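S.K.: Encoded as structure tokens, here's the structure I'll be asking about.
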Amino acid sequence: MRLVITKDYDEMTEWSARYIKKRIIDFKPGPNHYFVLGLPTGSTPLGIYKKLVKFVKTKELSFKYVITFNMDEYVGLPRDHPESYHSYMWNNFFKHIDIEPNNVHILDGNATDLVHECNEFERAIKESGGIELFVGGIGPDGHIAFNEPGSSLVSRTRVKTLAQDTIIANARFFDNDITKVPTSALTVGVGTVMDAREVLILISGTSKAYALHMAIEEGVNHMWTVSAFQNHSRFLCVCDEDATMELKVKTVRYFKGLMSVHSQLINGNDHSSLLHTEN
Ligand code: PGA
């Protein structure tokens, strides 16, 4: 695992956006060589999307040969509802960049056959060659996508009932009215994310500090589904200082000491050899 500790939210999203940009550029995507990117929603990645849009506008980055798969979508919320993840992704990201709409994959929470929809999503990921980089955030209970505490750590894309904590946390997007929050969602499984060749998780703020501790300092545990990535060979976690409040001092010191190695990941020449060190 790599843990990159940044000063604050802004620096965390700057570092992560530059990392994603460099990974895509170094991959040299083309018509027969698409970069396949897994993407999250939520408040945490907003700063990254803003910065990636800027890179596209300044022609430093193109999404022409990028295929995306989103982590999840609410069940039963109209696609054009302002809080659907379709709306979120198009409004915050896709409509501002040069991606081909056909290369965007977001689960349809209104499909008549939800199981078929989930199975097709898994098939499409396989058909694309598999996800090169899966970007995600976590909930304060350590969930990844909508893989709530107790989810199978080898789960695939499926329907999940949301935990009460998640419904309460997400009520802020629904006029603070928990009765308006959908109670189920379609979500990639922990196993789906584990299959990606690299996983990048963003963790910001004191409300996620205990989850970060459980994610990296305790054992793999299905009650903290993000901890499954301890078994991933390329797990990169980027957090801010506030999120480190529950970590041991020696953990923080160790990873801060690696910052000069980590900064090579976003600077300089092709870093593909570095990807296999320090994990
Ligand atoms: P947040 O949500 O980025 O809005 O905190 C993340 C999540 O619940 O997965």
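Identifiers in the structure tokens: chain A, B, ... in order shown; residue index from 1 per chain; ligand index from 1 in order shown.
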Give me the residues within 12 Å of Asp165 (chain A) as a tab-separated table (two decimals) with N, CA and C atoms, in the first residue's frame, counting only C-alpha atoms and dropping any in the same chain fewer than 4 places off.
M.R.:
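Final file, selection_34.tsv:
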chain	number	residue	atom	x	y	z
A	139	GLY	N	-17.22	5.95	2.93
A	139	GLY	CA	-18.12	6.55	3.92
A	139	GLY	C	-17.46	6.50	5.29
A	140	PRO	N	-18.00	7.24	6.27
A	140	PRO	CA	-17.44	7.19	7.62
A	140	PRO	C	-17.48	5.78	8.21
A	141	ASP	N	-18.34	4.91	7.69
A	141	ASP	CA	-18.38	3.51	8.16
A	141	ASP	C	-17.48	2.60	7.32
A	142	GLY	N	-16.63	3.22	6.51
A	142	GLY	CA	-15.65	2.44	5.74
A	142	GLY	C	-16.22	1.75	4.52
A	143	HIS	N	-17.43	2.15	4.11
A	143	HIS	CA	-17.96	1.50	2.90
A	143	HIS	C	-17.27	2.01	1.66
A	146	PHE	N	-21.37	1.31	-2.64
A	146	PHE	CA	-22.42	1.08	-1.65
A	146	PHE	C	-22.25	-0.31	-1.00
A	148	GLU	N	-21.91	-1.80	1.93
A	148	GLU	CA	-22.12	-1.43	3.32
A	148	GLU	C	-21.46	-2.46	4.25
A	149	PRO	N	-21.30	-2.10	5.54
A	149	PRO	CA	-20.68	-3.05	6.48
A	149	PRO	C	-21.35	-4.42	6.40
A	161	THR	N	-29.17	-2.84	-0.24
A	161	THR	CA	-29.97	-1.96	0.62
A	161	THR	C	-29.00	-1.05	1.37
A	169	ALA	N	-26.31	10.12	6.20
A	169	ALA	CA	-25.22	10.94	5.62
A	169	ALA	C	-25.66	11.57	4.30
A	170	ASN	N	-26.43	10.83	3.50
A	170	ASN	CA	-26.80	11.34	2.17
A	170	ASN	C	-28.03	12.24	2.19
A	171	ALA	N	-28.68	12.33	3.35
A	171	ALA	CA	-29.87	13.20	3.45
A	171	ALA	C	-29.52	14.65	3.14
A	178	ILE	N	-34.59	12.47	5.47
A	178	ILE	CA	-34.18	11.08	5.20
A	178	ILE	C	-35.26	10.29	4.46
A	181	VAL	N	-34.45	10.03	0.73
A	181	VAL	CA	-33.24	9.34	0.26
A	181	VAL	C	-33.62	7.94	-0.20
A	183	THR	N	-33.59	4.05	-0.73
A	183	THR	CA	-33.13	3.09	0.29
A	183	THR	C	-32.33	1.94	-0.32
S.K.: How would you write, as a VMD selection string, the set of residues no farther than 7 Å from ligand 1 when counting only C-alpha atoms and all ligand atoms?
M.R.: chain A and resid 41 to 45 137 to 139 143 to 146 166
S.K.: With only C-alpha atoms as the counted atoms, please give the residues lying no more than 6 Å from region 208-214 of chain A, apart from itself and same-chain residues fewer than 6 positions off, as a PDB file with C-alpha atoms, in the first residue's frame.
M.R.:
ATOM      1  CA  PRO A 140     -17.437   7.191   7.625  1.00  0.00           C
ATOM      2  CA  GLY A 142     -15.653   2.441   5.741  1.00  0.00           C
ATOM      3  CA  ALA A 243      -8.138  12.167   8.106  1.00  0.00           C
ATOM      4  CA  THR A 244      -4.966  10.960   9.878  1.00  0.00           C
ATOM      5  CA  MET A 245      -6.220  11.889  13.388  1.00  0.00           C
ATOM      6  CA  GLU A 246      -6.806   8.256  14.415  1.00  0.00           C
ATOM      7  CA  LEU A 247      -3.612   6.842  12.901  1.00  0.00           C
TER       8      LEU A 247
END
S.K.: Give the helix (DSSP H, G or I) residues of region 25-222 of chain A, as DSSP finds them on the backbone, and put them as a VMD selection string.
M.R.: chain A and resid 25 to 27 46 to 57 85 to 92 94 to 96 101 to 103 114 to 127 164 to 173 178 to 180 190 to 194 206 to 216
S.K.: Residues within 7 Å of region 68-77 of chain A, please, as a list of chain:residue names. Count only C-alpha atoms; anything in the same chain fewer than 6 positions from it doesn't count.
M.R.: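 That gives A:Val36, A:Leu37, A:Gly38, A:Leu39, A:Pro40, A:Ser84, A:Tyr85, A:Asn103, A:Val104, A:His105, A:Ile106, A:Leu107, A:Asp108, A:Gly109, A:Asn110, A:Ala145, A:Phe146, A:Pro182, A:Ser184, A:Ala185, A:Leu186, A:Thr187, A:Val188.
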S.K.: What separation in Å, quoted to one decimal, exists between CA of Val66 (chain A) and CA of Cys118 (chain A)?
M.R.: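 So the answer is 21.4 Å.
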S.K.: One decimal, Å: what's the distance from CA of Thr6 (chain A) over to CA of Asp240 (chain A), could you say?
M.R.: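 Separating CA of Thr6 (chain A) from CA of Asp240 (chain A) is a distance of 4.7 Å.
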S.K.: Just want the 7 Å neighbourhood of His96 (chain A), counted on only C-alpha atoms, with same-chain residues fewer than 2 positions away dropped. Output as a ChimeraX atom specification.
M.R.: /A:53,93-94
S.K.: Would you save the residues of that selection, restricted to C-alpha atoms, as a short mmCIF file (atom, residue, chain, number, x, y, z; two decimals), in the first residue's frame?
M.R.:
data_model
loop_
_atom_site.label_atom_id
_atom_site.label_comp_id
_atom_site.auth_asym_id
_atom_site.auth_seq_id
_atom_site.Cartn_x
_atom_site.Cartn_y
_atom_site.Cartn_z
CA VAL A 53 -11.79 19.50 -16.49
CA PHE A 93 -17.58 16.13 -15.31
CA PHE A 94 -18.63 14.47 -18.55
#
S.K.: Expressed in Å to a single decimal, how great is the separation between CA of Met194 (chain A) and CA of Ala215 (chain A)?
M.R.: 14.5 Å
S.K.: With DSSP run on the backbone, what are the strand (DSSP E or B) residues within region 26-148 of chain A? I'd like them as number ranges by chain.
M.R.: A: 30, 33, 35-39, 66-70, 72-74, 104-105, 133-138, 144, 147
S.K.: Using N, CA and C atoms, can you export the residues from the last selection as an mmCIF file, in the first residue's frame?
M.R.:
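Contents of again-v1.cif, freshly written:
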data_model
loop_
_atom_site.group_PDB
_atom_site.id
_atom_site.type_symbol
_atom_site.label_atom_id
_atom_site.label_comp_id
_atom_site.auth_asym_id
_atom_site.auth_seq_id
_atom_site.Cartn_x
_atom_site.Cartn_y
_atom_site.Cartn_z
ATOM 1 N N GLY A 30 -5.127 5.079 -27.179
ATOM 2 C CA GLY A 30 -5.372 5.294 -28.612
ATOM 3 C C GLY A 30 -6.559 4.464 -29.039
ATOM 4 N N HIS A 33 -6.391 1.069 -27.884
ATOM 5 C CA HIS A 33 -5.753 0.942 -26.574
ATOM 6 C C HIS A 33 -6.422 1.942 -25.634
ATOM 7 N N PHE A 35 -7.921 3.547 -22.211
ATOM 8 C CA PHE A 35 -7.675 3.561 -20.763
ATOM 9 C C PHE A 35 -9.030 3.405 -20.084
ATOM 10 N N VAL A 36 -9.160 2.412 -19.206
ATOM 11 C CA VAL A 36 -10.458 2.146 -18.564
ATOM 12 C C VAL A 36 -10.395 2.625 -17.113
ATOM 13 N N LEU A 37 -11.275 3.569 -16.800
ATOM 14 C CA LEU A 37 -11.222 4.286 -15.526
ATOM 15 C C LEU A 37 -12.515 4.060 -14.740
ATOM 16 N N GLY A 38 -12.395 3.656 -13.485
ATOM 17 C CA GLY A 38 -13.554 3.527 -12.597
ATOM 18 C C GLY A 38 -13.707 4.823 -11.817
ATOM 19 N N LEU A 39 -14.949 5.306 -11.665
ATOM 20 C CA LEU A 39 -15.149 6.632 -11.064
ATOM 21 C C LEU A 39 -16.209 6.635 -9.962
ATOM 22 N N VAL A 66 -10.698 7.199 -23.487
ATOM 23 C CA VAL A 66 -10.916 6.724 -22.118
ATOM 24 C C VAL A 66 -12.340 6.168 -22.025
ATOM 25 N N ILE A 67 -12.469 5.010 -21.402
ATOM 26 C CA ILE A 67 -13.777 4.398 -21.129
ATOM 27 C C ILE A 67 -13.984 4.497 -19.624
ATOM 28 N N THR A 68 -15.182 4.891 -19.201
ATOM 29 C CA THR A 68 -15.414 4.996 -17.752
ATOM 30 C C THR A 68 -16.536 4.068 -17.287
ATOM 31 N N PHE A 69 -16.395 3.633 -16.056
ATOM 32 C CA PHE A 69 -17.442 2.863 -15.370
ATOM 33 C C PHE A 69 -17.662 3.520 -14.011
ATOM 34 N N ASN A 70 -18.895 3.876 -13.724
ATOM 35 C CA ASN A 70 -19.177 4.472 -12.411
ATOM 36 C C ASN A 70 -19.480 3.393 -11.382
ATOM 37 N N ASP A 72 -21.716 3.327 -8.833
ATOM 38 C CA ASP A 72 -23.052 3.007 -8.304
ATOM 39 C C ASP A 72 -24.112 3.975 -8.804
ATOM 40 N N GLU A 73 -25.333 3.659 -8.510
ATOM 41 C CA GLU A 73 -26.471 4.531 -8.823
ATOM 42 C C GLU A 73 -27.631 4.134 -7.914
ATOM 43 N N TYR A 74 -28.427 5.126 -7.509
ATOM 44 C CA TYR A 74 -29.617 4.845 -6.696
ATOM 45 C C TYR A 74 -30.629 4.049 -7.504
ATOM 46 N N VAL A 104 -19.115 6.071 -21.767
ATOM 47 C CA VAL A 104 -19.487 6.289 -20.361
ATOM 48 C C VAL A 104 -20.450 5.182 -19.938
ATOM 49 N N HIS A 105 -20.164 4.533 -18.816
ATOM 50 C CA HIS A 105 -21.068 3.491 -18.306
ATOM 51 C C HIS A 105 -21.510 3.854 -16.893
ATOM 52 N N LEU A 133 -7.608 1.726 -13.586
ATOM 53 C CA LEU A 133 -7.510 2.498 -12.340
ATOM 54 C C LEU A 133 -8.918 2.749 -11.817
ATOM 55 N N PHE A 134 -9.205 2.281 -10.627
ATOM 56 C CA PHE A 134 -10.520 2.510 -10.024
ATOM 57 C C PHE A 134 -10.350 3.555 -8.931
ATOM 58 N N VAL A 135 -11.022 4.689 -9.092
ATOM 59 C CA VAL A 135 -10.945 5.769 -8.106
ATOM 60 C C VAL A 135 -12.172 5.674 -7.219
ATOM 61 N N GLY A 136 -12.014 5.847 -5.898
ATOM 62 C CA GLY A 136 -13.172 5.756 -5.010
ATOM 63 C C GLY A 136 -13.022 6.625 -3.784
ATOM 64 N N GLY A 137 -14.153 6.877 -3.134
ATOM 65 C CA GLY A 137 -14.145 7.520 -1.822
ATOM 66 C C GLY A 137 -14.676 6.485 -0.832
ATOM 67 N N ILE A 138 -14.771 6.861 0.428
ATOM 68 C CA ILE A 138 -15.356 5.938 1.409
ATOM 69 C C ILE A 138 -16.344 6.691 2.290
ATOM 70 N N ILE A 144 -17.178 1.138 0.675
ATOM 71 C CA ILE A 144 -16.615 1.488 -0.620
ATOM 72 C C ILE A 144 -17.715 1.247 -1.638
ATOM 73 N N ASN A 147 -21.014 -0.726 -0.832
ATOM 74 C CA ASN A 147 -20.754 -1.991 -0.139
ATOM 75 C C ASN A 147 -20.732 -1.702 1.359
#
S.K.: With distances taken over only C-alpha atoms, which of A:Leu52, A:Ala196, A:Cys239, A:Leu3 is nearest to Ile24 (chain A)?
M.R.: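 Answer, going by the shortest atom-to-atom distance: A:Leu52.
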S.K.: Can you tell me, as a PDB file with all heavy atoms, in the first residue's frame, what residues are no more than 9 Å from His262 (chain A) when counting only C-alpha atoms, ignoring any on the same chain fewer than 3 positions away?
M.R.:
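Wrote it out as result.pdb, contents follow:
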ATOM      1  N   ARG A   2       0.356   2.284  -0.652  1.00  0.00           N
ATOM      2  CA  ARG A   2       0.979   3.606  -0.526  1.00  0.00           C
ATOM      3  C   ARG A   2      -0.026   4.499   0.168  1.00  0.00           C
ATOM      4  O   ARG A   2      -1.205   4.476  -0.177  1.00  0.00           O
ATOM      5  CB  ARG A   2       1.237   4.228  -1.892  1.00  0.00           C
ATOM      6  CG  ARG A   2       2.209   3.504  -2.764  1.00  0.00           C
ATOM      7  CD  ARG A   2       2.127   4.143  -4.133  1.00  0.00           C
ATOM      8  NE  ARG A   2       2.900   3.419  -5.115  1.00  0.00           N
ATOM      9  CZ  ARG A   2       4.189   3.630  -5.352  1.00  0.00           C
ATOM     10  NH1 ARG A   2       4.854   4.523  -4.661  1.00  0.00           N
ATOM     11  NH2 ARG A   2       4.811   2.937  -6.285  1.00  0.00           N
ATOM     12  N   LEU A   3       0.426   5.296   1.118  1.00  0.00           N
ATOM     13  CA  LEU A   3      -0.437   6.296   1.745  1.00  0.00           C
ATOM     14  C   LEU A   3       0.191   7.660   1.490  1.00  0.00           C
ATOM     15  O   LEU A   3       1.313   7.916   1.918  1.00  0.00           O
ATOM     16  CB  LEU A   3      -0.560   6.035   3.254  1.00  0.00           C
ATOM     17  CG  LEU A   3      -1.399   7.063   4.018  1.00  0.00           C
ATOM     18  CD1 LEU A   3      -2.873   6.985   3.618  1.00  0.00           C
ATOM     19  CD2 LEU A   3      -1.275   6.840   5.537  1.00  0.00           C
ATOM     20  N   VAL A   4      -0.520   8.504   0.766  1.00  0.00           N
ATOM     21  CA  VAL A   4      -0.037   9.851   0.479  1.00  0.00           C
ATOM     22  C   VAL A   4      -0.812  10.806   1.390  1.00  0.00           C
ATOM     23  O   VAL A   4      -2.041  10.875   1.327  1.00  0.00           O
ATOM     24  CB  VAL A   4      -0.272  10.204  -1.009  1.00  0.00           C
ATOM     25  CG1 VAL A   4       0.095  11.665  -1.284  1.00  0.00           C
ATOM     26  CG2 VAL A   4       0.530   9.268  -1.905  1.00  0.00           C
ATOM     27  N   LEU A 258       7.974   9.111   3.069  1.00  0.00           N
ATOM     28  CA  LEU A 258       8.030   8.608   1.684  1.00  0.00           C
ATOM     29  C   LEU A 258       7.540   9.647   0.672  1.00  0.00           C
ATOM     30  O   LEU A 258       7.435   9.342  -0.515  1.00  0.00           O
ATOM     31  CB  LEU A 258       7.145   7.357   1.558  1.00  0.00           C
ATOM     32  CG  LEU A 258       7.727   6.067   2.121  1.00  0.00           C
ATOM     33  CD1 LEU A 258       6.685   4.961   2.085  1.00  0.00           C
ATOM     34  CD2 LEU A 258       8.939   5.645   1.313  1.00  0.00           C
ATOM     35  N   MET A 259       7.225  10.842   1.140  1.00  0.00           N
ATOM     36  CA  MET A 259       6.614  11.828   0.247  1.00  0.00           C
ATOM     37  C   MET A 259       7.472  12.123  -0.979  1.00  0.00           C
ATOM     38  O   MET A 259       6.951  12.356  -2.066  1.00  0.00           O
ATOM     39  CB  MET A 259       6.323  13.130   1.006  1.00  0.00           C
ATOM     40  CG  MET A 259       4.870  13.432   1.277  1.00  0.00           C
ATOM     41  SD  MET A 259       3.631  12.543   0.352  1.00  0.00           S
ATOM     42  CE  MET A 259       2.901  13.864  -0.594  1.00  0.00           C
ATOM     43  N   LEU A 265       5.721  10.173  -8.497  1.00  0.00           N
ATOM     44  CA  LEU A 265       4.609   9.551  -9.222  1.00  0.00           C
ATOM     45  C   LEU A 265       3.812  10.567 -10.036  1.00  0.00           C
ATOM     46  O   LEU A 265       3.105  10.198 -10.969  1.00  0.00           O
ATOM     47  CB  LEU A 265       3.652   8.856  -8.243  1.00  0.00           C
ATOM     48  CG  LEU A 265       4.181   7.622  -7.515  1.00  0.00           C
ATOM     49  CD1 LEU A 265       3.206   7.204  -6.439  1.00  0.00           C
ATOM     50  CD2 LEU A 265       4.421   6.483  -8.492  1.00  0.00           C
ATOM     51  N   ILE A 266       3.877  11.836  -9.640  1.00  0.00           N
ATOM     52  CA  ILE A 266       3.098  12.838 -10.382  1.00  0.00           C
ATOM     53  C   ILE A 266       3.990  13.802 -11.141  1.00  0.00           C
ATOM     54  O   ILE A 266       3.500  14.666 -11.850  1.00  0.00           O
ATOM     55  CB  ILE A 266       2.127  13.624  -9.454  1.00  0.00           C
ATOM     56  CG1 ILE A 266       2.865  14.266  -8.284  1.00  0.00           C
ATOM     57  CG2 ILE A 266       1.001  12.739  -8.967  1.00  0.00           C
ATOM     58  CD1 ILE A 266       2.014  15.271  -7.514  1.00  0.00           C
TER      59      ILE A 266
END
S.K.: Which of these, A:Phe63, A:Phe255, A:Asn91, A:Glu83, has the shortest distance to Arg172 (chain A) once you count only C-alpha atoms?
M.R.: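 Nearest to Arg172 (chain A): A:Glu83.
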S.K.: Name the residues in contact with Lys28 (chain A) at a cut-off of 12 Å, using only C-alpha atoms, excluding same-chain residues fewer than 6 positions from it; report them as a list in words.
M.R.: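 Near neighbours after the sequence-gap exclusion: Lys21, Lys22, Tyr34, Phe35, Leu61, Ser62, Phe63, Lys64, Tyr65, Val66, Asp270 and Ser272 of chain A.
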S.K.: Could you write those residues out with C-alpha atoms, as a PDB file, in the first residue's frame?
M.R.:
ATOM      1  CA  LYS A  21      -3.662  12.670 -15.516  1.00  0.00           C
ATOM      2  CA  LYS A  22      -0.189  11.156 -15.480  1.00  0.00           C
ATOM      3  CA  TYR A  34      -8.385   2.520 -24.341  1.00  0.00           C
ATOM      4  CA  PHE A  35      -7.675   3.561 -20.763  1.00  0.00           C
ATOM      5  CA  LEU A  61      -5.265  15.832 -21.098  1.00  0.00           C
ATOM      6  CA  SER A  62      -7.820  14.144 -23.342  1.00  0.00           C
ATOM      7  CA  PHE A  63     -10.542  11.613 -22.551  1.00  0.00           C
ATOM      8  CA  LYS A  64     -11.056  10.708 -26.221  1.00  0.00           C
ATOM      9  CA  TYR A  65      -9.684   7.225 -25.659  1.00  0.00           C
ATOM     10  CA  VAL A  66     -10.916   6.724 -22.118  1.00  0.00           C
ATOM     11  CA  ASP A 270       7.214   7.863 -17.307  1.00  0.00           C
ATOM     12  CA  SER A 272       5.798   2.909 -14.792  1.00  0.00           C
TER      13      SER A 272
END
S.K.: Counting only C-alpha atoms, figure out which residue out of A:Asp80, A:Asp175, A:Glu122, A:Glu278 gets nearest to Gly191 (chain A).
M.R.: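 Ranked by minimum distance to Gly191 (chain A), first place goes to A:Glu122.
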